[in-house]
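**Student:** Take a look at data13.cif, mmCIF, C-alpha atoms:
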data_model
#
loop_
_atom_site.label_atom_id
_atom_site.label_comp_id
_atom_site.auth_asym_id
_atom_site.auth_seq_id
_atom_site.Cartn_x
_atom_site.Cartn_y
_atom_site.Cartn_z
CA MET A 751 15.17 9.85 10.09
CA ILE A 752 14.45 6.40 11.45
CA THR A 753 17.44 4.13 10.95
CA GLY A 754 18.80 1.01 12.56
CA THR A 755 15.79 -1.16 11.69
CA GLY A 756 16.55 -3.86 14.23
CA PRO A 757 18.90 -6.81 14.74
CA TRP A 758 21.42 -7.32 11.97
CA ILE A 759 19.69 -10.53 10.87
CA GLU A 760 16.49 -8.58 10.24
CA ARG A 761 18.34 -6.09 8.07
CA VAL A 762 19.95 -8.93 6.14
CA MET A 763 16.56 -10.57 5.52
CA ILE A 764 15.12 -7.27 4.29
CA LYS A 765 18.05 -6.88 1.91
CA LEU A 766 17.65 -10.44 0.62
CA GLY A 767 13.96 -9.86 0.03
CA ARG A 768 14.71 -6.65 -1.84
CA GLY A 769 17.19 -8.46 -4.05
CA PHE A 770 14.77 -11.28 -4.83
CA VAL A 771 11.85 -8.98 -5.66
CA GLY A 772 14.16 -6.76 -7.71
CA LEU A 773 15.20 -9.82 -9.73
CA LEU A 774 11.55 -10.74 -10.37
CA VAL A 775 10.80 -7.18 -11.45
CA ARG A 776 13.68 -7.17 -13.94
CA LEU A 777 12.85 -10.63 -15.32
CA PHE A 778 9.10 -10.35 -15.72
CA THR A 779 8.10 -6.70 -15.94
CA ASN A 780 8.72 -3.54 -17.86
CA MET A 781 8.59 -1.42 -14.70
CA LYS A 782 8.08 2.32 -14.62
CA ILE A 783 8.16 4.16 -11.28
CA SER A 784 7.36 7.84 -10.91
CA GLY A 785 7.00 10.22 -7.98
CA MET A 786 9.80 8.79 -5.86
CA GLU A 787 10.58 12.37 -4.85
CA ASN A 788 7.19 12.40 -3.09
CA ILE A 789 8.34 9.79 -0.55
CA PRO A 790 9.52 11.70 2.52
CA PRO A 791 12.05 10.41 5.06
CA GLY A 792 11.20 9.61 8.65
CA GLY A 793 8.08 8.32 10.34
CA ASN A 794 4.37 9.06 10.70
CA ILE A 795 3.97 8.42 6.96
CA LEU A 796 1.07 6.46 5.49
CA PHE A 797 0.98 5.13 1.93
CA LEU A 798 -2.55 4.42 0.67
CA SER A 799 -2.74 2.38 -2.54
CA ASN A 800 -5.21 0.69 -4.83
CA HIS A 801 -4.98 -3.10 -4.90
CA ILE A 802 -5.20 -5.30 -8.01
CA SER A 803 -2.84 -8.23 -7.40
CA ALA A 804 -1.01 -10.16 -4.68
CA LEU A 805 2.15 -8.81 -6.31
CA ASP A 806 1.28 -5.30 -5.08
CA VAL A 807 2.40 -6.23 -1.58
CA LEU A 808 5.87 -7.00 -2.94
CA VAL A 809 6.35 -4.28 -5.55
CA ILE A 810 5.26 -1.26 -3.48
CA PRO A 811 7.47 -1.90 -0.41
CA TRP A 812 10.34 -2.91 -2.70
CA ALA A 813 10.18 0.53 -4.33
CA ILE A 814 10.06 2.32 -0.97
CA TYR A 815 12.93 0.25 0.39
CA SER A 816 14.97 1.11 -2.70
CA LYS A 817 14.96 4.73 -1.52
CA TYR A 818 15.06 4.21 2.25
CA PRO A 819 16.53 0.73 2.87
CA GLU A 820 17.23 1.40 6.55
CA GLU A 821 13.90 2.91 7.59
CA LEU A 822 11.06 1.29 9.48
CA LEU A 823 8.39 0.12 7.03
CA ARG A 824 5.36 -2.05 7.74
CA GLN A 825 2.51 -3.28 5.56
CA ALA A 826 -0.96 -4.66 6.20
CA GLY A 827 -2.10 -7.73 4.27
CA LYS A 828 -4.94 -10.20 4.47
CA GLU A 829 -4.13 -13.36 6.41
CA GLU A 830 -4.17 -15.58 3.33
CA LEU A 831 -1.27 -13.71 1.74
CA PHE A 832 1.01 -14.82 4.54
CA ASP A 833 0.35 -18.47 3.62
CA ILE A 834 1.51 -18.10 0.00
CA PRO A 835 4.98 -19.61 -0.52
CA VAL A 836 7.71 -16.98 -1.06
CA VAL A 837 5.20 -14.11 -0.84
CA GLY A 838 4.38 -14.94 2.78
CA TRP A 839 8.05 -15.38 3.66
CA ILE A 840 8.94 -11.96 2.25
CA LEU A 841 5.95 -10.32 3.96
CA HIS A 842 7.09 -11.68 7.32
CA LYS A 843 10.68 -10.57 6.77
CA TRP A 844 9.48 -7.13 5.66
CA ARG A 845 7.50 -6.69 8.91
CA GLY A 846 4.12 -7.26 7.30
CA PHE A 847 1.19 -7.83 9.62
CA PRO A 848 -1.98 -9.83 8.84
CA ILE A 849 -5.49 -8.38 8.93
CA LYS A 850 -8.50 -10.69 9.23
CA ARG A 851 -10.93 -10.86 6.33
CA GLY A 852 -13.89 -8.55 6.87
CA GLY A 853 -11.99 -5.76 8.60
CA ALA A 854 -9.73 -5.07 11.53
CA ASP A 855 -10.84 -5.23 15.16
CA ARG A 856 -10.10 -2.47 17.66
CA LYS A 857 -6.88 -4.11 18.77
CA SER A 858 -5.63 -4.29 15.19
CA ILE A 859 -6.61 -0.67 14.56
CA ARG A 860 -4.68 0.51 17.62
CA MET A 861 -1.71 -1.53 16.44
CA ILE A 862 -1.85 0.07 12.98
CA GLU A 863 -2.05 3.53 14.54
CA GLU A 864 1.02 2.85 16.66
CA TYR A 865 2.92 1.56 13.63
CA ILE A 866 2.05 4.73 11.69
CA LYS A 867 3.28 6.97 14.50
CA GLU A 868 6.66 5.24 14.68
CA GLY A 869 7.45 4.68 11.02
CA LYS A 870 6.10 4.13 7.53
CA VAL A 871 3.00 2.01 6.85
CA ILE A 872 1.30 0.76 3.66
CA LEU A 873 -2.47 0.19 3.69
CA TYR A 874 -4.94 -0.75 0.96
CA PRO A 875 -8.11 1.24 1.69
CA GLU A 876 -10.34 -0.69 -0.73
CA GLY A 877 -10.07 -3.61 1.68
CA THR A 878 -9.90 -6.22 -1.09
CA ARG A 879 -8.39 -6.79 -4.51
CA SER A 880 -10.25 -5.25 -7.43
CA ARG A 881 -10.90 -8.01 -9.94
CA ASP A 882 -11.28 -5.71 -12.94
CA GLY A 883 -8.74 -3.02 -12.01
CA ARG A 884 -11.39 -0.38 -11.36
CA LEU A 885 -11.10 1.55 -8.12
CA LEU A 886 -13.47 0.50 -5.36
CA ARG A 887 -14.79 2.73 -2.61
CA GLY A 888 -12.39 3.30 0.28
CA ASN A 889 -13.14 1.99 3.75
CA ARG A 890 -14.18 4.77 6.15
CA MET A 891 -12.23 3.08 8.95
CA VAL A 892 -9.03 3.90 7.08
CA GLY A 893 -10.15 7.52 7.05
CA ARG A 894 -10.61 7.31 10.78
CA ILE A 895 -7.11 5.91 11.23
CA VAL A 896 -5.79 8.86 9.22
CA ARG A 897 -7.78 11.27 11.38
CA ASN A 898 -6.49 9.70 14.59
CA THR A 899 -2.82 9.73 13.57
CA THR A 900 -2.66 12.79 11.23
CA PRO A 901 0.22 11.29 9.22
CA THR A 902 1.77 12.47 6.01
CA VAL A 903 -0.51 10.68 3.52
CA VAL A 904 1.03 9.63 0.21
CA PRO A 905 -1.47 8.31 -2.38
CA VAL A 906 -0.20 5.45 -4.53
CA SER A 907 -1.39 4.01 -7.83
CA ILE A 908 -0.26 0.68 -9.26
CA THR A 909 -1.27 -0.79 -12.63
CA GLY A 910 -0.24 -3.88 -14.56
CA THR A 911 0.55 -6.28 -11.72
CA ASP A 912 -2.72 -8.10 -12.43
CA ARG A 913 -1.39 -8.96 -15.91
CA VAL A 914 1.98 -10.37 -14.82
CA ILE A 915 0.30 -13.71 -14.04
CA PRO A 916 -3.03 -13.64 -15.91
CA VAL A 917 -6.06 -15.46 -14.52
CA GLY A 918 -5.80 -19.17 -15.32
CA LYS A 919 -2.02 -19.07 -15.80
CA THR A 920 0.64 -20.34 -13.43
CA MET A 921 3.76 -18.77 -14.94
CA PRO A 922 4.58 -15.05 -15.14
CA ARG A 923 4.40 -13.34 -18.53
CA PRO A 924 7.74 -11.59 -19.23
CA GLY A 925 7.77 -7.96 -20.30
CA THR A 926 4.46 -6.98 -18.72
CA ARG A 927 4.22 -3.21 -18.31
CA VAL A 928 3.79 -2.28 -14.66
CA GLU A 929 3.49 1.31 -13.55
CA LEU A 930 3.83 2.54 -9.98
CA ARG A 931 3.10 6.16 -9.11
CA PHE A 932 3.61 7.94 -5.79
CA GLY A 933 1.53 11.10 -5.51
CA ALA A 934 2.37 14.28 -3.66
CA PRO A 935 1.65 14.23 0.10
CA MET A 936 -1.92 15.36 0.75
CA ASP A 937 -3.10 18.38 2.75
CA LEU A 938 -6.03 17.11 4.84
CA ASP A 939 -6.18 19.92 7.41
CA ASP A 940 -9.71 20.91 6.37
CA GLU A 941 -10.97 17.39 7.05
CA TYR A 942 -9.14 17.19 10.38
CA SER A 943 -11.01 20.30 11.54
CA ILE A 944 -14.46 18.71 11.05
CA ALA A 945 -15.93 17.96 14.49
CA ASN A 946 -18.04 14.99 13.39
CA THR A 947 -15.70 11.99 13.33
CA LYS A 948 -17.82 9.92 10.94
CA GLU A 949 -18.19 12.77 8.45
CA ALA A 950 -14.51 13.70 8.67
CA SER A 951 -13.39 10.08 8.20
CA GLN A 952 -15.57 9.67 5.12
CA LYS A 953 -14.34 12.90 3.55
CA ILE A 954 -10.73 11.93 4.22
CA ILE A 955 -10.99 8.56 2.53
CA ASP A 956 -13.05 9.99 -0.35
CA ARG A 957 -10.31 12.55 -1.02
CA VAL A 958 -7.64 9.85 -0.89
CA MET A 959 -9.50 7.65 -3.35
CA THR A 960 -9.95 10.61 -5.69
CA ALA A 961 -6.21 11.27 -5.51
CA ILE A 962 -5.49 7.62 -6.37
CA ALA A 963 -7.94 7.81 -9.29
CA GLU A 964 -6.17 10.91 -10.57
CA LEU A 965 -2.84 9.08 -10.44
CA GLN A 966 -4.32 6.14 -12.33
CA ASN A 967 -5.58 8.41 -15.06
CA GLY A 968 -2.60 10.69 -15.42
CA GLY A 969 -4.28 13.51 -13.53
CA ALA A 970 -7.81 13.04 -14.90
CA ALA A 971 -10.00 12.11 -11.94
CA GLU A 972 -12.60 9.43 -12.46
CA ALA A 973 -15.62 8.60 -10.32
CA VAL A 974 -14.84 6.02 -7.67
CA HIS A 975 -17.04 2.93 -7.78
CA LYS A 976 -19.32 2.80 -4.76
CA LYS A 977 -19.97 -0.94 -4.93
CA GLY A 978 -17.16 -3.33 -4.16
CA VAL A 979 -16.71 -6.93 -5.17
CA ALA A 980 -16.49 -10.06 -3.09
CA SER A 981 -13.25 -10.64 -1.26
CA GLU A 982 -10.65 -12.85 -2.83
#
Now that the file is in, can you turn its structure into structure tokens?
**Tutor:**
Amino acid sequence: MITGTGPWIERVMIKLGRGFVGLLVRLFTNMKISGMENIPPGGNILFLSNHISALDVLVIPWAIYSKYPEELLRQAGKEELFDIPVVGWILHKWRGFPIKRGGADRKSIRMIEEYIKEGKVILYPEGTRSRDGRLLRGNRMVGRIVRNTTPTVVPVSITGTDRVIPVGKTMPRPGTRVELRFGAPMDLDDEYSIANTKEASQKIIDRVMTAIAELQNGGAAEAVHKKGVASE
């Protein structure tokens, strides 16, 4: 198990962030979390989640930290998120790292792969926020990252965060139902054995997106949309 997350000040900041997000969750949501038993200890673990709101980047790591407060956790987020007051501060303190709009360059990909090997990482394979809550097609590059690092992949589904602050509103709506589900770790050995990297990467990410869709629908898989929407 990876413990001792860094200098004491870093651990204090992580704890403060957890407390603040926990307060927001209690004040403004009716939160239901399931599948916490599917979060394993240690490193080389990759959480792959759908993305519907800027709040996702706070709620998902908050839940993981609630089980493993001392473990090394990192999260990718678009650059603009780090400029949002409070959200950006927490992302920095929670070891978030920015990804440029339009995809990561080779240097960023290598960095992500190193982070996965040494700890826990959260990625959003759709590459952008879904504006209507429907699942978009996963980015094949994320499949390639999975192939290169062979981590324990945990699919994640989140719903309701897009309704906490509805479009056109500036204040949160108390009591909004938010549901966060962690799926069972995936067995991707068959995809790892495919010699063609492009084919293997696509099959990996397609399987992950299907697993997320199944979580969203209580086990009933739904076709993944092949056309995305414009970036936020």
**Student:** I'd like the interatomic distance between CA of Phe770 in chain A and CA of Gly827 in chain A, to a tenth of an Å.
**Tutor:** 19.5 Å
**Student:** Counting all atoms listed in the file, what is within 12 Å of Asn788 in chain A, bar same-chain residues fewer than 5 positions away, as a VMD selection string?
**Tutor:** chain A and resid 783 795 797 814 817 902 to 906 931 to 936
**Student:** Could you state which residues are captured by the PyMOL selection byres ((chain A and resi 858-875) around 6) in this file, as a PyMOL selection string?
**Tutor:** chain A and resi 793-800+822-826+854-857+876-877+888-889
**Student:** Figure out the distance between CA of Leu930 in chain A and CA of Met781 in chain A, please, to one decimal in Å.
**Tutor:** 7.8 Å
**Student:** Have a look at A:Asp833, A:Pro916, A:Pro819, A:Ala961 and name the one nearest to Glu760 in chain A; count all atoms listed in the file.
**Tutor:**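 Once distances to Glu760 in chain A are computed over all atoms listed in the file, the minimum belongs to A:Pro819.
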**Student:** For each of A:Leu938, A:Leu808, A:Leu885, A:Leu841, take the minimum atom-to-atom distance to Thr911 in chain A, counting only C-alpha atoms, then give the residue where this is smallest.
**Tutor:** A:Leu808
**Student:** Calculate how many Å separate CA of Phe832 in chain A from CA of Ala804 in chain A, rounding to one decimal.
**Tutor:**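 Those two atoms sit 10.5 Å apart.
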**Student:** Which residue is closest to His842 in chain A? Choose from A:Ile955, A:Ile764, A:Ala963, A:Met921 and count all atoms listed in the file.
**Tutor:**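 That would be A:Ile764, the residue with the smallest distance to His842 in chain A.
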**Student:** Of the candidates A:Ile954, A:Met763, A:Arg881, A:Glu949, which shows the shortest atom-to-atom distance to Thr900 in chain A, using all atoms listed in the file?
**Tutor:**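 Nearest to Thr900 in chain A: A:Ile954.
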**Student:** Measuring between all atoms listed in the file, which one of A:Gly968, A:Gly910, A:Pro811, A:Pro835 shows the shortest distance to Ile789 in chain A?
**Tutor:**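 Of A:Gly968, A:Gly910, A:Pro811, A:Pro835, the one nearest Ile789 in chain A, counting all atoms listed in the file, is A:Pro811.
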**Student:** What would the list of residues within 8 Å of (-9.3, 12.1, 7.1) (file frame) look like as a ChimeraX atom specification, if all atoms listed in the file are what count?
**Tutor:** /A:893-897,900,938,941-942,950-955
**Student:** Which one of A:Glu820, A:Leu805, A:Val958, A:Gly792 sits closest to Val892 in chain A if you count all atoms listed in the file?
**Tutor:** A:Val958
**Student:** Give me the result of the PyMOL selection byres ((chain A and resi 828) around 8) on this file, residue by residue, as number ranges by chain.
**Tutor:** A: 826-827, 829-832, 848-851
**Student:** Quick one: residues within 12 Å of Val928 in chain A, only C-alpha atoms, excluding same-chain residues fewer than 5 positions away - as a PyMOL selection string?
**Tutor:** chain A and resi 775-776+778-784+802-803+805-806+809-810+907-915+923+966
